[in-house]
Amino acid sequence: MKRVLIAGASGAIGAALAEAILAEYPDSRVVGLCRDPDRAPETLRSSDRVTLVPWDASDSGSLASMTEALESVFPAREGIDTVIYAAGLLHSDTVFPEKRLEDLSANAMSQAFAVNVTGLGLLVQALIPWLRHKELKRIAAISAKVGSITDNRLGGWYAYRSSKAALNMLVRGLSVELPRRCKPVACVALHPGTTESALSEPFRQSLAQLKVHTPAQTAGNLLKVLGNVTSDDNGRFLSWDGSELPW
C-alpha cells in the first residue's frame, strides 16, 4: 500500500486506519477525505505523508475539487492502489436508529443512503482514471454486520441496516464491473466489529455484553485482512477476523 485514499479520514476508524498504514508501510502516502480537515487528528494534520482534502459524501458537487486536489498528490497516470471508504452515518442531530416502524422518516433514510451508499458509488466513479493501472487495486468499503439481510433477526435500525445492505449490493456490483475495466482489482465489504467511537457512544450500555475494540485495534484487524486480500477475494463480505459473512 503506497498510494492510499481514505474517505472519512477524520472519523475514528478512518483516522486509525490512516495512522496504521503510515506505520506499517513506510513508503506510503495517504490522501484523506473528510468534510472538515481541521477535525482530523493532529497526527494526520502534521504528517508530511498525509494530504487532507475537503469532501462531503452527501454532496456530489465536492467531487470536482477533490479530484483536482488528488491529481496534485497522485497523478492519475500513477494511480491509487488502495481505496478505503470509511465514511458512515448511524446517527446525527436529526437522525437516530429506529426502534420501531413509527420512528422511520424519509429524512433519515435519505441521509443514511447519501452517506453510506451513494458517496461510495460517486467516489469510485470519479476515481476510475486512477484505477486503470496494471497493479492490484484494493477497494474496501467499511460496512456492518447489521447490513447482512441473512443475519437480521432483531429488526429495527431501518435506515442504517437498509443503507448498509445497499452498500453491500453496491460493492457486489462494483466487483462485477471493475474487473472488466480496471483489472486486477479486489472490491470487498469489511465489517469492522464494534468500535469505540462517536458513532457507538450513544449505545455504550447496550454494547456492554459485546466485544468492543479500540479504533487502533480495529484498524490493525482490518489492515491485516486487507493486506491479505487478492483479486481472488473480489466481491466478498469479510469480517474483522477474516471470516466470511452472509450477504
# chains A, B, ... in the order shown; residues from 1 in each chain; ligands from 1
>>> residues_around(residues="Ile149 in chain A", least_positions_apart="6", cutoff="9 Å", atoms="only C-alpha atoms", output="VMD selection string")
chain A and resid 161 to 162 165 246 to 247
>>> residues_around(residues="Val146 in chain A", least_positions_apart="4", cutoff="12 Å", atoms="only C-alpha atoms", output="compact mmCIF listing (two decimals) with N, CA, C and O atoms, in the first residue's frame")
# COMPACT_ATOMS: atom_id res chain seq x y z
N LEU A 90 -24.66 6.76 11.30
CA LEU A 90 -25.61 5.98 12.10
C LEU A 90 -26.58 6.91 12.80
O LEU A 90 -27.78 6.65 12.87
N PRO A 97 -31.12 5.77 15.24
CA PRO A 97 -31.61 4.45 14.84
C PRO A 97 -33.03 4.18 15.36
O PRO A 97 -33.33 4.41 16.53
N THR A 150 -29.35 -11.78 5.64
CA THR A 150 -29.48 -13.12 6.22
C THR A 150 -29.40 -13.10 7.73
O THR A 150 -30.10 -13.83 8.43
N ASP A 151 -28.55 -12.22 8.27
CA ASP A 151 -28.26 -12.22 9.70
C ASP A 151 -29.26 -11.37 10.51
O ASP A 151 -29.20 -11.35 11.74
N ASN A 152 -30.17 -10.67 9.86
CA ASN A 152 -31.06 -9.76 10.57
C ASN A 152 -32.18 -10.54 11.29
O ASN A 152 -33.14 -10.98 10.67
N ARG A 153 -32.02 -10.65 12.60
CA ARG A 153 -33.02 -11.35 13.41
C ARG A 153 -33.65 -10.44 14.47
O ARG A 153 -34.53 -10.86 15.21
N LEU A 154 -33.17 -9.20 14.57
CA LEU A 154 -33.65 -8.29 15.60
C LEU A 154 -34.54 -7.18 15.06
O LEU A 154 -35.31 -6.59 15.81
N GLY A 155 -34.44 -6.87 13.77
CA GLY A 155 -35.22 -5.79 13.21
C GLY A 155 -34.72 -4.44 13.67
O GLY A 155 -33.65 -4.30 14.25
N GLY A 156 -35.53 -3.39 13.46
CA GLY A 156 -35.14 -2.05 13.87
C GLY A 156 -34.00 -1.48 13.03
O GLY A 156 -33.57 -2.07 12.05
N TRP A 157 -33.56 -0.30 13.43
CA TRP A 157 -32.44 0.38 12.77
C TRP A 157 -32.63 0.38 11.25
O TRP A 157 -31.73 0.08 10.48
N TYR A 158 -33.84 0.74 10.83
CA TYR A 158 -34.21 0.59 9.43
C TYR A 158 -33.29 1.35 8.47
O TYR A 158 -32.83 0.79 7.47
N ALA A 159 -33.05 2.61 8.72
CA ALA A 159 -32.25 3.41 7.79
C ALA A 159 -30.82 2.89 7.70
O ALA A 159 -30.26 2.73 6.61
N TYR A 160 -30.22 2.61 8.86
CA TYR A 160 -28.83 2.17 8.87
C TYR A 160 -28.69 0.78 8.26
O TYR A 160 -27.83 0.54 7.40
N ARG A 161 -29.55 -0.15 8.69
CA ARG A 161 -29.49 -1.52 8.14
C ARG A 161 -29.69 -1.51 6.62
O ARG A 161 -28.96 -2.15 5.87
N SER A 162 -30.71 -0.77 6.19
CA SER A 162 -31.04 -0.75 4.76
C SER A 162 -29.91 -0.13 3.94
O SER A 162 -29.58 -0.62 2.86
N SER A 163 -29.32 0.94 4.46
CA SER A 163 -28.24 1.60 3.72
C SER A 163 -26.99 0.73 3.67
O SER A 163 -26.28 0.70 2.66
N LYS A 164 -26.71 -0.01 4.74
CA LYS A 164 -25.54 -0.89 4.72
C LYS A 164 -25.79 -2.11 3.83
O LYS A 164 -24.86 -2.60 3.17
N ALA A 165 -27.03 -2.59 3.79
CA ALA A 165 -27.35 -3.67 2.85
C ALA A 165 -27.18 -3.17 1.41
O ALA A 165 -26.68 -3.89 0.54
N ALA A 166 -27.59 -1.93 1.16
CA ALA A 166 -27.43 -1.34 -0.17
C ALA A 166 -25.95 -1.14 -0.48
O ALA A 166 -25.52 -1.32 -1.63
N LEU A 167 -25.17 -0.76 0.53
CA LEU A 167 -23.73 -0.62 0.34
C LEU A 167 -23.12 -1.96 -0.09
O LEU A 167 -22.29 -2.02 -1.00
N ASN A 168 -23.56 -3.03 0.57
CA ASN A 168 -23.06 -4.36 0.21
C ASN A 168 -23.41 -4.70 -1.24
O ASN A 168 -22.59 -5.27 -1.97
N LEU A 190 -16.13 -4.75 4.31
CA LEU A 190 -15.49 -5.18 5.56
C LEU A 190 -16.34 -4.79 6.76
O LEU A 190 -16.78 -3.64 6.88
N HIS A 191 -16.58 -5.75 7.64
CA HIS A 191 -17.25 -5.48 8.91
C HIS A 191 -16.16 -5.22 9.95
O HIS A 191 -15.34 -6.10 10.22
N PRO A 192 -16.12 -4.02 10.55
CA PRO A 192 -15.02 -3.68 11.46
C PRO A 192 -15.17 -4.22 12.88
O PRO A 192 -14.22 -4.15 13.66
N GLY A 193 -16.35 -4.75 13.21
CA GLY A 193 -16.60 -5.11 14.60
C GLY A 193 -17.02 -3.86 15.36
O GLY A 193 -16.95 -2.74 14.87
N THR A 194 -17.47 -4.04 16.58
CA THR A 194 -17.90 -2.90 17.39
C THR A 194 -16.68 -2.13 17.87
O THR A 194 -15.76 -2.69 18.45
N SER A 239 -15.37 -10.22 7.64
CA SER A 239 -15.38 -9.68 8.99
C SER A 239 -13.96 -9.29 9.40
O SER A 239 -12.99 -9.62 8.74
N LEU A 245 -18.81 -13.30 5.86
CA LEU A 245 -20.15 -13.03 6.40
C LEU A 245 -21.20 -13.24 5.31
O LEU A 245 -20.94 -13.05 4.13
N PRO A 246 -22.42 -13.61 5.72
CA PRO A 246 -23.50 -13.80 4.73
C PRO A 246 -24.04 -12.44 4.27
O PRO A 246 -24.15 -11.52 5.06
N TRP A 247 -24.35 -12.36 3.02
CA TRP A 247 -24.93 -11.11 2.50
C TRP A 247 -26.34 -10.92 3.06
O TRP A 247 -26.80 -9.79 3.21
>>> residues_around(residues="Tyr85 in chain A", least_positions_apart="4", cutoff="7 Å", atoms="only C-alpha atoms", output="PyMOL selection string")
chain A and resi 6-8+120+140-142
>>> closest_residue(among="A:Val50, A:Met1, A:Ala9, A:Ala76", to="Leu226 in chain A", atoms="only C-alpha atoms")
A:Met1
>>> residues_around(residues="Leu63 in chain A", least_positions_apart="5", cutoff="8 Å", atoms="only C-alpha atoms", output="number ranges by chain")
A: 55, 123, 126
>>> select_by_dssp(residues="range 26-203 of chain A", states="helix (DSSP H, G or I)", output="PyMOL selection string")
chain A and resi 37-39+42-45+60-73+101-103+106-130+145-147+158-182+201-203
>>> write_last_selection(atoms="C-alpha atoms", output="JSON list (two decimals), in the first residue's frame")
[["chain", "number", "residue", "atom", "x", "y", "z"],
["A", 37, "PRO", "CA", -9.80, 18.58, 7.67],
["A", 38, "ASP", "CA", -9.36, 20.64, 10.84],
["A", 39, "ARG", "CA", -11.25, 17.91, 12.73],
["A", 42, "GLU", "CA", -3.14, 16.19, 14.82],
["A", 43, "THR", "CA", -1.01, 13.18, 13.84],
["A", 44, "LEU", "CA", -2.56, 13.30, 10.37],
["A", 45, "ARG", "CA", -2.68, 17.08, 10.04],
["A", 60, "SER", "CA", -21.64, 15.30, -5.27],
["A", 61, "GLY", "CA", -20.53, 18.83, -6.07],
["A", 62, "SER", "CA", -17.45, 18.37, -3.90],
["A", 63, "LEU", "CA", -16.02, 15.69, -6.23],
["A", 64, "ALA", "CA", -14.60, 18.09, -8.83],
["A", 65, "SER", "CA", -12.42, 19.98, -6.35],
["A", 66, "MET", "CA", -11.49, 16.69, -4.69],
["A", 67, "THR", "CA", -10.17, 15.12, -7.91],
["A", 68, "GLU", "CA", -8.27, 18.32, -8.73],
["A", 69, "ALA", "CA", -6.55, 18.18, -5.35],
["A", 70, "LEU", "CA", -5.94, 14.44, -5.73],
["A", 71, "GLU", "CA", -4.22, 14.92, -9.10],
["A", 72, "SER", "CA", -1.63, 17.17, -7.45],
["A", 73, "VAL", "CA", -0.71, 14.40, -4.99],
["A", 101, "LEU", "CA", -41.57, 1.41, 12.30],
["A", 102, "GLU", "CA", -43.23, 4.58, 13.60],
["A", 103, "ASP", "CA", -39.76, 6.11, 14.10],
["A", 106, "ALA", "CA", -37.80, 9.92, 4.81],
["A", 107, "ASN", "CA", -35.13, 12.32, 6.05],
["A", 108, "ALA", "CA", -33.30, 9.62, 7.98],
["A", 109, "MET", "CA", -33.42, 7.23, 5.03],
["A", 110, "SER", "CA", -32.17, 9.81, 2.54],
["A", 111, "GLN", "CA", -29.30, 10.94, 4.80],
["A", 112, "ALA", "CA", -28.22, 7.37, 5.56],
["A", 113, "PHE", "CA", -28.22, 6.39, 1.90],
["A", 114, "ALA", "CA", -26.41, 9.56, 0.81],
["A", 115, "VAL", "CA", -23.51, 8.99, 3.19],
["A", 116, "ASN", "CA", -23.40, 5.20, 3.49],
["A", 117, "VAL", "CA", -24.05, 4.24, -0.14],
["A", 118, "THR", "CA", -24.22, 6.98, -2.75],
["A", 119, "GLY", "CA", -20.99, 8.56, -1.59],
["A", 120, "LEU", "CA", -19.03, 5.40, -2.40],
["A", 121, "GLY", "CA", -20.57, 4.94, -5.83],
["A", 122, "LEU", "CA", -19.87, 8.51, -6.91],
["A", 123, "LEU", "CA", -16.38, 8.41, -5.42],
["A", 124, "VAL", "CA", -15.38, 5.28, -7.33],
["A", 125, "GLN", "CA", -16.93, 6.77, -10.47],
["A", 126, "ALA", "CA", -14.67, 9.82, -10.08],
["A", 127, "LEU", "CA", -11.62, 7.66, -9.35],
["A", 128, "ILE", "CA", -11.77, 5.48, -12.48],
["A", 129, "PRO", "CA", -8.81, 7.34, -14.10],
["A", 130, "TRP", "CA", -6.72, 6.44, -11.02],
["A", 145, "LYS", "CA", -22.77, -6.95, 10.06],
["A", 146, "VAL", "CA", -26.17, -5.37, 10.72],
["A", 147, "GLY", "CA", -26.35, -4.81, 6.96],
["A", 158, "TYR", "CA", -34.21, 0.59, 9.43],
["A", 159, "ALA", "CA", -32.25, 3.41, 7.79],
["A", 160, "TYR", "CA", -28.83, 2.17, 8.87],
["A", 161, "ARG", "CA", -29.49, -1.52, 8.14],
["A", 162, "SER", "CA", -31.04, -0.75, 4.76],
["A", 163, "SER", "CA", -28.24, 1.60, 3.72],
["A", 164, "LYS", "CA", -25.54, -0.89, 4.72],
["A", 165, "ALA", "CA", -27.35, -3.67, 2.85],
["A", 166, "ALA", "CA", -27.43, -1.34, -0.17],
["A", 167, "LEU", "CA", -23.73, -0.62, 0.34],
["A", 168, "ASN", "CA", -23.06, -4.36, 0.21],
["A", 169, "MET", "CA", -25.00, -4.62, -3.05],
["A", 170, "LEU", "CA", -23.04, -1.70, -4.46],
["A", 171, "VAL", "CA", -19.80, -3.49, -3.58],
["A", 172, "ARG", "CA", -21.05, -6.62, -5.35],
["A", 173, "GLY", "CA", -22.00, -4.58, -8.39],
["A", 174, "LEU", "CA", -18.59, -2.89, -8.48],
["A", 175, "SER", "CA", -16.91, -6.26, -8.09],
["A", 176, "VAL", "CA", -18.57, -7.37, -11.33],
["A", 177, "GLU", "CA", -17.87, -4.26, -13.42],
["A", 178, "LEU", "CA", -14.45, -3.11, -12.24],
["A", 179, "PRO", "CA", -12.50, -6.23, -13.31],
["A", 180, "ARG", "CA", -13.66, -5.54, -16.86],
["A", 181, "ARG", "CA", -12.23, -2.03, -16.71],
["A", 182, "CYS", "CA", -9.52, -1.97, -14.03],
["A", 201, "GLU", "CA", -21.03, 6.23, 22.08],
["A", 202, "PRO", "CA", -24.85, 6.57, 22.50],
["A", 203, "PHE", "CA", -25.12, 2.77, 22.72]]
>>> atom_distance(atom1="CA of Asp233 in chain A", atom2="CA of Ser148 in chain A")
18.2 Å
>>> closest_residue(among="A:Lys224, A:Arg49, A:Arg236, A:Arg100", to="Ile139 in chain A", atoms="only C-alpha atoms")
A:Arg236
>>> atom_distance(atom1="CA of Ile80 in chain A", atom2="CA of Ala144 in chain A")
24.8 Å
>>> closest_residue(among="A:Ala86, A:Val188, A:His213, A:Thr195", to="Asp232 in chain A", atoms="only C-alpha atoms")
A:Val188
>>> atom_distance(atom1="CA of Val83 in chain A", atom2="CA of Gly32 in chain A")
10.2 Å
